[in-house]
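Structure file run.pdb with PDB, C-alpha atoms and all ligand atoms:
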ATOM      1  CA  MET A   1     -20.564 -13.470   4.088  1.00  0.00           C
ATOM      2  CA  ALA A   2     -22.471 -12.951   0.849  1.00  0.00           C
ATOM      3  CA  MET A   3     -24.298  -9.773   1.877  1.00  0.00           C
ATOM      4  CA  VAL A   4     -22.599  -6.704   3.310  1.00  0.00           C
ATOM      5  CA  ASP A   5     -24.548  -4.357   5.524  1.00  0.00           C
ATOM      6  CA  VAL A   6     -23.919  -1.051   3.772  1.00  0.00           C
ATOM      7  CA  ASP A   7     -25.964   2.039   4.483  1.00  0.00           C
ATOM      8  CA  ALA A   8     -26.674   3.648   1.119  1.00  0.00           C
ATOM      9  CA  ASN A   9     -26.607   7.061   2.814  1.00  0.00           C
ATOM     10  CA  SER A  10     -23.201   6.599   4.381  1.00  0.00           C
ATOM     11  CA  THR A  11     -20.279   8.513   3.052  1.00  0.00           C
ATOM     12  CA  GLY A  12     -18.037   6.761   0.612  1.00  0.00           C
ATOM     13  CA  LEU A  13     -15.385   6.023   3.229  1.00  0.00           C
ATOM     14  CA  GLU A  14     -17.846   4.497   5.687  1.00  0.00           C
ATOM     15  CA  ARG A  15     -19.149   2.447   2.826  1.00  0.00           C
ATOM     16  CA  ALA A  16     -15.604   1.393   1.965  1.00  0.00           C
ATOM     17  CA  ARG A  17     -14.892   0.225   5.508  1.00  0.00           C
ATOM     18  CA  ALA A  18     -18.073  -1.836   5.565  1.00  0.00           C
ATOM     19  CA  LEU A  19     -17.050  -3.504   2.312  1.00  0.00           C
ATOM     20  CA  ILE A  20     -13.695  -4.817   3.579  1.00  0.00           C
ATOM     21  CA  GLU A  21     -14.184  -8.504   4.309  1.00  0.00           C
ATOM     22  CA  THR A  22     -12.221 -10.317   6.988  1.00  0.00           C
ATOM     23  CA  VAL A  23     -11.338 -13.872   6.027  1.00  0.00           C
ATOM     24  CA  PRO A  24      -9.958 -16.105   8.798  1.00  0.00           C
ATOM     25  CA  ASP A  25      -7.145 -18.543   8.067  1.00  0.00           C
ATOM     26  CA  PHE A  26      -6.252 -17.216   4.614  1.00  0.00           C
ATOM     27  CA  PRO A  27      -3.800 -17.828   3.010  1.00  0.00           C
ATOM     28  CA  GLU A  28      -2.676 -19.910   5.987  1.00  0.00           C
ATOM     29  CA  PRO A  29      -3.960 -20.820   9.456  1.00  0.00           C
ATOM     30  CA  GLY A  30      -3.848 -17.942  11.933  1.00  0.00           C
ATOM     31  CA  ILE A  31      -3.929 -15.106   9.372  1.00  0.00           C
ATOM     32  CA  LEU A  32      -6.943 -12.770   9.374  1.00  0.00           C
ATOM     33  CA  PHE A  33      -6.917 -11.697   5.750  1.00  0.00           C
ATOM     34  CA  ARG A  34      -8.435  -8.292   4.930  1.00  0.00           C
ATOM     35  CA  ASP A  35     -10.047  -8.694   1.519  1.00  0.00           C
ATOM     36  CA  ILE A  36     -10.548  -5.398  -0.291  1.00  0.00           C
ATOM     37  CA  THR A  37     -12.052  -6.786  -3.498  1.00  0.00           C
ATOM     38  CA  PRO A  38     -15.693  -5.950  -2.526  1.00  0.00           C
ATOM     39  CA  LEU A  39     -14.568  -2.350  -1.877  1.00  0.00           C
ATOM     40  CA  LEU A  40     -12.858  -2.206  -5.277  1.00  0.00           C
ATOM     41  CA  ALA A  41     -16.040  -3.390  -6.988  1.00  0.00           C
ATOM     42  CA  ASP A  42     -18.124  -0.578  -5.465  1.00  0.00           C
ATOM     43  CA  GLN A  43     -18.061   2.704  -7.409  1.00  0.00           C
ATOM     44  CA  ALA A  44     -18.615   5.067  -4.455  1.00  0.00           C
ATOM     45  CA  ALA A  45     -16.231   3.226  -2.144  1.00  0.00           C
ATOM     46  CA  LEU A  46     -13.444   3.035  -4.713  1.00  0.00           C
ATOM     47  CA  ARG A  47     -13.724   6.700  -5.591  1.00  0.00           C
ATOM     48  CA  ALA A  48     -13.840   7.825  -1.940  1.00  0.00           C
ATOM     49  CA  THR A  49     -10.827   5.692  -1.120  1.00  0.00           C
ATOM     50  CA  VAL A  50      -8.704   6.926  -4.001  1.00  0.00           C
ATOM     51  CA  ASP A  51      -9.682  10.535  -3.258  1.00  0.00           C
ATOM     52  CA  ALA A  52      -8.828  10.176   0.440  1.00  0.00           C
ATOM     53  CA  LEU A  53      -5.435   8.616  -0.218  1.00  0.00           C
ATOM     54  CA  ALA A  54      -4.630  11.205  -2.916  1.00  0.00           C
ATOM     55  CA  ALA A  55      -5.322  14.027  -0.450  1.00  0.00           C
ATOM     56  CA  VAL A  56      -2.433  12.911   1.762  1.00  0.00           C
ATOM     57  CA  ALA A  57       0.343  14.326  -0.398  1.00  0.00           C
ATOM     58  CA  PRO A  58      -1.051  16.691  -3.005  1.00  0.00           C
ATOM     59  CA  GLY A  59       2.386  17.918  -4.042  1.00  0.00           C
ATOM     60  CA  ALA A  60       3.940  14.530  -4.788  1.00  0.00           C
ATOM     61  CA  ASP A  61       5.896  14.239  -8.040  1.00  0.00           C
ATOM     62  CA  VAL A  62       5.704  10.451  -7.997  1.00  0.00           C
ATOM     63  CA  VAL A  63       3.376   7.874  -6.485  1.00  0.00           C
ATOM     64  CA  VAL A  64       5.069   4.550  -5.743  1.00  0.00           C
ATOM     65  CA  GLY A  65       2.850   1.477  -5.597  1.00  0.00           C
ATOM     66  CA  ILE A  66       3.863  -1.833  -4.033  1.00  0.00           C
ATOM     67  CA  GLU A  67       3.122  -5.040  -5.949  1.00  0.00           C
ATOM     68  CA  SER A  68       0.488  -6.063  -6.390  1.00  0.00           C
ATOM     69  CA  ARG A  69      -2.502  -4.592  -4.586  1.00  0.00           C
ATOM     70  CA  GLY A  70      -0.675  -1.300  -4.040  1.00  0.00           C
ATOM     71  CA  PHE A  71      -0.741  -0.823  -7.834  1.00  0.00           C
ATOM     72  CA  ILE A  72      -4.545  -0.762  -7.820  1.00  0.00           C
ATOM     73  CA  PHE A  73      -4.569   2.408  -5.713  1.00  0.00           C
ATOM     74  CA  ALA A  74      -1.277   4.025  -6.666  1.00  0.00           C
ATOM     75  CA  ALA A  75      -2.038   4.409 -10.372  1.00  0.00           C
ATOM     76  CA  PRO A  76      -5.367   6.278  -9.983  1.00  0.00           C
ATOM     77  CA  ILE A  77      -3.866   8.384  -7.174  1.00  0.00           C
ATOM     78  CA  ALA A  78      -0.991   9.357  -9.487  1.00  0.00           C
ATOM     79  CA  TYR A  79      -3.511  10.227 -12.198  1.00  0.00           C
ATOM     80  CA  ALA A  80      -5.540  12.336  -9.754  1.00  0.00           C
ATOM     81  CA  LEU A  81      -2.442  14.212  -8.579  1.00  0.00           C
ATOM     82  CA  GLY A  82      -0.955  14.679 -12.017  1.00  0.00           C
ATOM     83  CA  ALA A  83       2.054  12.704 -10.748  1.00  0.00           C
ATOM     84  CA  GLY A  84       3.981   9.793 -12.219  1.00  0.00           C
ATOM     85  CA  PHE A  85       3.490   6.176 -11.138  1.00  0.00           C
ATOM     86  CA  VAL A  86       6.442   3.945 -10.207  1.00  0.00           C
ATOM     87  CA  PRO A  87       6.169   0.265  -9.278  1.00  0.00           C
ATOM     88  CA  VAL A  88       8.098  -1.484  -6.516  1.00  0.00           C
ATOM     89  CA  ARG A  89       8.047  -5.121  -7.600  1.00  0.00           C
ATOM     90  CA  LYS A  90       8.940  -8.557  -6.345  1.00  0.00           C
ATOM     91  CA  LEU A  91      12.377  -9.868  -7.272  1.00  0.00           C
ATOM     92  CA  GLY A  92      12.895 -10.675 -10.943  1.00  0.00           C
ATOM     93  CA  ARG A  93       9.960  -8.829 -12.490  1.00  0.00           C
ATOM     94  CA  LEU A  94      11.602  -5.566 -13.577  1.00  0.00           C
ATOM     95  CA  PRO A  95      13.547  -5.853 -16.844  1.00  0.00           C
ATOM     96  CA  ARG A  96      16.263  -3.182 -16.491  1.00  0.00           C
ATOM     97  CA  ALA A  97      18.857  -2.181 -13.865  1.00  0.00           C
ATOM     98  CA  THR A  98      17.371  -2.165 -10.355  1.00  0.00           C
ATOM     99  CA  GLU A  99      18.077  -1.368  -6.739  1.00  0.00           C
ATOM    100  CA  ARG A 100      17.111  -4.180  -4.361  1.00  0.00           C
ATOM    101  CA  GLU A 101      16.130  -4.374  -0.724  1.00  0.00           C
ATOM    102  CA  SER A 102      15.639  -7.555   1.280  1.00  0.00           C
ATOM    103  CA  TYR A 103      13.776  -7.962   4.539  1.00  0.00           C
ATOM    104  CA  ASP A 104      12.979 -10.801   6.905  1.00  0.00           C
ATOM    105  CA  LEU A 105       9.642 -12.553   7.066  1.00  0.00           C
ATOM    106  CA  GLU A 106       8.530 -14.832   9.881  1.00  0.00           C
ATOM    107  CA  TYR A 107       9.924 -17.707   7.808  1.00  0.00           C
ATOM    108  CA  GLY A 108      12.555 -16.734   5.258  1.00  0.00           C
ATOM    109  CA  ALA A 109      13.078 -13.438   3.496  1.00  0.00           C
ATOM    110  CA  ASN A 110      11.659 -11.324   0.713  1.00  0.00           C
ATOM    111  CA  THR A 111      13.244  -8.988  -1.828  1.00  0.00           C
ATOM    112  CA  VAL A 112      11.706  -6.040  -3.653  1.00  0.00           C
ATOM    113  CA  GLU A 113      13.133  -3.959  -6.494  1.00  0.00           C
ATOM    114  CA  ILE A 114      12.767  -0.592  -8.182  1.00  0.00           C
ATOM    115  CA  HIS A 115      14.197   0.564 -11.504  1.00  0.00           C
ATOM    116  CA  LYS A 116      17.307   2.642 -10.808  1.00  0.00           C
ATOM    117  CA  ASP A 117      16.154   5.456 -13.081  1.00  0.00           C
ATOM    118  CA  ALA A 118      12.539   5.511 -11.848  1.00  0.00           C
ATOM    119  CA  ILE A 119      13.020   8.400  -9.421  1.00  0.00           C
ATOM    120  CA  ARG A 120      15.335  11.380  -9.799  1.00  0.00           C
ATOM    121  CA  PRO A 121      17.116  12.943  -6.809  1.00  0.00           C
ATOM    122  CA  GLY A 122      14.905  15.523  -5.108  1.00  0.00           C
ATOM    123  CA  GLN A 123      11.596  14.222  -6.430  1.00  0.00           C
ATOM    124  CA  THR A 124       8.860  14.059  -3.826  1.00  0.00           C
ATOM    125  CA  VAL A 125       7.190  10.697  -3.341  1.00  0.00           C
ATOM    126  CA  LEU A 126       4.016   9.226  -1.869  1.00  0.00           C
ATOM    127  CA  ILE A 127       4.224   5.459  -1.267  1.00  0.00           C
ATOM    128  CA  VAL A 128       0.982   3.486  -1.385  1.00  0.00           C
ATOM    129  CA  ASP A 129      -0.093  -0.024  -0.436  1.00  0.00           C
ATOM    130  CA  ASP A 130      -3.346  -1.673   0.545  1.00  0.00           C
ATOM    131  CA  VAL A 131      -2.386  -3.113   3.948  1.00  0.00           C
ATOM    132  CA  LEU A 132       0.309  -2.137   6.465  1.00  0.00           C
ATOM    133  CA  ALA A 133       1.039  -5.179   8.622  1.00  0.00           C
ATOM    134  CA  THR A 134       4.550  -5.585  10.095  1.00  0.00           C
ATOM    135  CA  GLY A 135       5.817  -2.753   7.896  1.00  0.00           C
ATOM    136  CA  GLY A 136       8.640  -4.813   6.417  1.00  0.00           C
ATOM    137  CA  THR A 137       7.483  -4.366   2.843  1.00  0.00           C
ATOM    138  CA  MET A 138       6.816  -0.665   3.251  1.00  0.00           C
ATOM    139  CA  ARG A 139      10.137  -0.003   4.955  1.00  0.00           C
ATOM    140  CA  ALA A 140      11.954  -1.760   2.109  1.00  0.00           C
ATOM    141  CA  ALA A 141      10.061   0.367  -0.419  1.00  0.00           C
ATOM    142  CA  ALA A 142      10.858   3.574   1.473  1.00  0.00           C
ATOM    143  CA  ARG A 143      14.546   2.652   1.613  1.00  0.00           C
ATOM    144  CA  LEU A 144      14.588   2.068  -2.148  1.00  0.00           C
ATOM    145  CA  VAL A 145      13.011   5.465  -2.809  1.00  0.00           C
ATOM    146  CA  GLU A 146      15.459   7.162  -0.437  1.00  0.00           C
ATOM    147  CA  ARG A 147      18.447   5.366  -1.971  1.00  0.00           C
ATOM    148  CA  LEU A 148      17.497   6.867  -5.344  1.00  0.00           C
ATOM    149  CA  GLY A 149      17.398  10.326  -3.764  1.00  0.00           C
ATOM    150  CA  GLY A 150      13.622  10.603  -3.556  1.00  0.00           C
ATOM    151  CA  GLU A 151      12.044  12.460  -0.646  1.00  0.00           C
ATOM    152  CA  VAL A 152       9.276  10.390   0.974  1.00  0.00           C
ATOM    153  CA  LEU A 153       6.525  12.926   1.721  1.00  0.00           C
ATOM    154  CA  GLY A 154       4.361  10.236   3.200  1.00  0.00           C
ATOM    155  CA  ILE A 155       3.066   6.695   3.225  1.00  0.00           C
ATOM    156  CA  ALA A 156      -0.595   6.012   2.553  1.00  0.00           C
ATOM    157  CA  VAL A 157      -2.355   2.726   3.161  1.00  0.00           C
ATOM    158  CA  LEU A 158      -5.952   1.711   3.092  1.00  0.00           C
ATOM    159  CA  VAL A 159      -5.751  -0.588   6.115  1.00  0.00           C
ATOM    160  CA  GLU A 160      -3.346  -0.510   9.067  1.00  0.00           C
ATOM    161  CA  LEU A 161      -3.149  -3.613  11.260  1.00  0.00           C
ATOM    162  CA  ALA A 162      -1.992  -1.736  14.342  1.00  0.00           C
ATOM    163  CA  ALA A 163      -1.147  -4.758  16.497  1.00  0.00           C
ATOM    164  CA  LEU A 164       1.578  -5.809  14.057  1.00  0.00           C
ATOM    165  CA  GLY A 165       3.671  -2.694  14.687  1.00  0.00           C
ATOM    166  CA  GLY A 166       4.170  -1.395  11.152  1.00  0.00           C
ATOM    167  CA  ARG A 167       4.133   2.225  12.297  1.00  0.00           C
ATOM    168  CA  ALA A 168       7.126   1.693  14.586  1.00  0.00           C
ATOM    169  CA  ALA A 169       9.006  -0.159  11.839  1.00  0.00           C
ATOM    170  CA  LEU A 170       8.662   2.900   9.619  1.00  0.00           C
ATOM    171  CA  GLU A 171      10.453   5.081  12.158  1.00  0.00           C
ATOM    172  CA  GLU A 172       9.886   8.799  11.651  1.00  0.00           C
ATOM    173  CA  ARG A 173       8.172   8.562   8.277  1.00  0.00           C
ATOM    174  CA  ARG A 174       4.714  10.103   8.025  1.00  0.00           C
ATOM    175  CA  ILE A 175       1.952   7.500   7.735  1.00  0.00           C
ATOM    176  CA  TRP A 176      -1.695   7.904   6.897  1.00  0.00           C
ATOM    177  CA  SER A 177      -4.185   5.026   7.032  1.00  0.00           C
ATOM    178  CA  ALA A 178      -7.832   5.180   6.060  1.00  0.00           C
ATOM    179  CA  PHE A 179      -8.852   2.364   8.422  1.00  0.00           C
ATOM    180  CA  VAL A 180      -7.097   1.068  11.519  1.00  0.00           C
ATOM    181  CA  TYR A 181      -7.791  -2.434  12.854  1.00  0.00           C
ATOM    182  CA  GLU A 182      -6.599  -2.865  16.419  1.00  0.00           C
TER     183      GLU A 182
HETATM  184  P1  LIG A 201       4.035  -6.346   5.900  1.00  0.00           P
HETATM  185  O1  LIG A 201       5.319  -6.323   5.134  1.00  0.00           O
HETATM  186  O2  LIG A 201       4.028  -7.357   7.000  1.00  0.00           O
HETATM  187  O3  LIG A 201       3.635  -4.966   6.372  1.00  0.00           O
HETATM  188  O4  LIG A 201       2.931  -6.870   4.913  1.00  0.00           O
HETATM  189  C1  LIG A 201       2.375  -6.012   4.004  1.00  0.00           C
HETATM  190  C2  LIG A 201       1.963  -6.704   2.728  1.00  0.00           C
HETATM  191  O5  LIG A 201       1.350  -7.982   2.942  1.00  0.00           O
HETATM  192  C3  LIG A 201       0.976  -5.861   2.007  1.00  0.00           C
HETATM  193  O6  LIG A 201       1.408  -5.737   0.683  1.00  0.00           O
HETATM  194  C4  LIG A 201      -0.354  -6.563   2.137  1.00  0.00           C
HETATM  195  O7  LIG A 201      -0.970  -6.610   0.886  1.00  0.00           O
HETATM  196  C5  LIG A 201      -0.043  -7.955   2.642  1.00  0.00           C
HETATM  197  N1  LIG A 201      -0.732  -8.333   3.896  1.00  0.00           N
HETATM  198  C6  LIG A 201      -0.134  -8.568   5.103  1.00  0.00           C
HETATM  199  N2  LIG A 201      -1.014  -8.937   6.021  1.00  0.00           N
HETATM  200  C7  LIG A 201      -2.218  -8.934   5.424  1.00  0.00           C
HETATM  201  C8  LIG A 201      -3.556  -9.201   5.870  1.00  0.00           C
HETATM  202  N3  LIG A 201      -3.831  -9.598   7.134  1.00  0.00           N
HETATM  203  N4  LIG A 201      -4.562  -9.070   4.977  1.00  0.00           N
HETATM  204  C9  LIG A 201      -4.297  -8.688   3.715  1.00  0.00           C
HETATM  205  N5  LIG A 201      -3.078  -8.430   3.237  1.00  0.00           N
HETATM  206  C10 LIG A 201      -2.040  -8.539   4.065  1.00  0.00           C
END
Is it possible to express this structure as C-alpha cells?
Amino acid sequence: MAMVDVDANSTGLERARALIETVPDFPEPGILFRDITPLLADQAALRATVDALAAVAPGADVVVGIESRGFIFAAPIAYALGAGFVPVRKLGRLPRATERESYDLEYGANTVEIHKDAIRPGQTVLIVDDVLATGGTMRAAARLVERLGGEVLGIAVLVELAALGGRAALEERRIWSAFVYE
C-alpha cells in the first residue's frame, strides 16, 4: 500500500497506528509482519510514540532496548527520561563479559546477551521493544536484567500481538503496549 490514510488532525498516536503497515507472508509464509518504518519516518508519529512509551516508567534509571528495532525506541526514551541506555543483543555481538539467556523458537532456539556490568543491583529498569509476539525475547531480556539485580519497573512495546500470548509468558511483570492487535 503506497498511500496511508492518515487524518492530519488526528493525534500523534492515532497517526502512528495508521502508519503501521501489515505485510503478509514476511519474512516467511504465514507471518503477518507489522512494519513500523512508515511510523518512524513521520515526525509527529515518532515523537508521540516515544513520548507515550517514556511516560510508562518516568523514574527508570536505565532503559533496556532489545536488538534491533527495540534500540530505535529505547535510546530516545532514555534520553527523554534522563536515564541510561543498555542494549540486549543477539549472541556474539557484545565484546566484554556477558550474561546469556536462551529460549525456544518454533524451530530451534535463540540466545540474547547483556554486558554483566551494564546494570547495577537495585537500579530500576524499563525494557523496550517494538513488537511483543510470543514474549520469548522479552522474557529472556527481563531475566537478564533481574539476574544482574535490576528491578524491572515495566515493559513497554509499541505493538502487542495479543493472540500469541506474550503477556502470559511475562508472568506478573507490568506490560504497557501502545497498540494491541487481536
Ligand atoms: P517474540 O519473542 O515471539 O515475542 O518476538 C518478538 C520479536 O520478534 C520482536 O523483537 C519483534 O521485533 C519480532 N517480531 C515477532 N513477530 C513479529 C511480527 N509479526 N511483526 C514484526 N516483528 C515481529
Exercise on ligand LIG 201 (chain A), axis-aligned box with 6 Å per side, report centre and edge lengths in Å to one decimal, as lines of an AutoDock Vina configuration file:
center_x = 0.4
center_y = -7.3
center_z = 3.9
size_x = 21.9
size_y = 16.6
size_z = 18.5
List the residues sitting within 7 Å of (7.2, 7.2, -4.7) in the file's frame, using all atoms listed in the file, as a list in words.
Val62, Val63, Val64, Val86, Val125, Leu126, Ile127, Val145 and Val152 of chain A
Quick check, in Å to one decimal: how far apart do atom CA of Ala97 of chain A and atom CA of Arg147 of chain A lie?
14.1 Å
At a cut-off of 7 Å, can you tabulate as a tab-separated table every residue of chain A near ligand LIG 201 (chain A) together with its closest atom pair and the distance in Å to one decimal, using all atoms listed in the file and ordering rows by chain then number?
residue	atom	partner	partner_atom	distance
A:Ile31	CA	A:LIG201	N3	5.9
A:Leu32	CA	A:LIG201	N3	5.0
A:Phe33	CA	A:LIG201	N4	3.6
A:Arg34	CA	A:LIG201	N4	4.0
A:Asp35	CA	A:LIG201	C9	6.2
A:Ile66	CA	A:LIG201	O6	6.6
A:Glu67	CA	A:LIG201	O6	6.9
A:Arg69	CA	A:LIG201	O7	6.0
A:Gly70	CA	A:LIG201	O6	6.8
A:Asp129	CA	A:LIG201	O6	6.0
A:Asp130	CA	A:LIG201	O7	5.5
A:Val131	CA	A:LIG201	C4	4.4
A:Leu132	CA	A:LIG201	O3	4.4
A:Ala133	CA	A:LIG201	O3	3.4
A:Thr134	CA	A:LIG201	O2	3.6
A:Gly135	CA	A:LIG201	O3	3.5
A:Gly136	CA	A:LIG201	O1	3.9
A:Thr137	CA	A:LIG201	O1	3.7
A:Met138	CA	A:LIG201	O1	6.1
A:Gly166	CA	A:LIG201	O3	6.0
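Taking atom CA of Ala80 of chain A and atom CA of Leu53 of chain A as the two end points, the separation is 10.2 Å.
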Do you know which residues the PyMOL selection byres (((chain A and resi 36) around 9) and not hetatm) returns on this file, as a list in words?
Ala16, Leu19, Ile20, Glu21, Thr22, Arg34, Asp35, Thr37, Pro38, Leu39, Leu40, Ala41 and Asp130 of chain A
Go ahead and find all residues with at least one atom no further than 8 Å from (12.5, 0.7, -10.4) in the file's coordinates, using all atoms listed in the file; report them as number ranges by chain.
A: 86-89, 94, 97-99, 113-119
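Interatomic distance, atom CA of Ala48 of chain A against atom CA of Val128 of chain A: 15.5 Å.
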Nearest candidate to Ile175 of chain A (options A:Gly154, A:Pro76, A:Lys90, A:Glu160; using only C-alpha atoms):
A:Gly154
Could you write out as a PyMOL selection string the residues that the PyMOL selection byres (((chain A and resi 51) around 12) and not hetatm) matches in the shown file?
chain A and resi 12-13+44-50+52-58+73-74+76-81+156+158+178
Which neighbours of Gln123 of chain A fall inside 10 Å, counting all atoms listed in the file, when residues of the same chain fewer than 5 positions from it are skipped, and could you give them as a PyMOL selection string?
chain A and resi 60-62+145+148-153
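Closest approach to Val159 of chain A among A:Pro121, A:Thr11, A:Tyr103, A:Arg17 is made by A:Arg17 (distances from only C-alpha atoms).
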Please list as a ChimeraX atom specification every residue within 7 Å of Tyr181 of chain A, counting only C-alpha atoms and excluding residues in the same chain fewer than 2 positions away.
/A:160-162,179
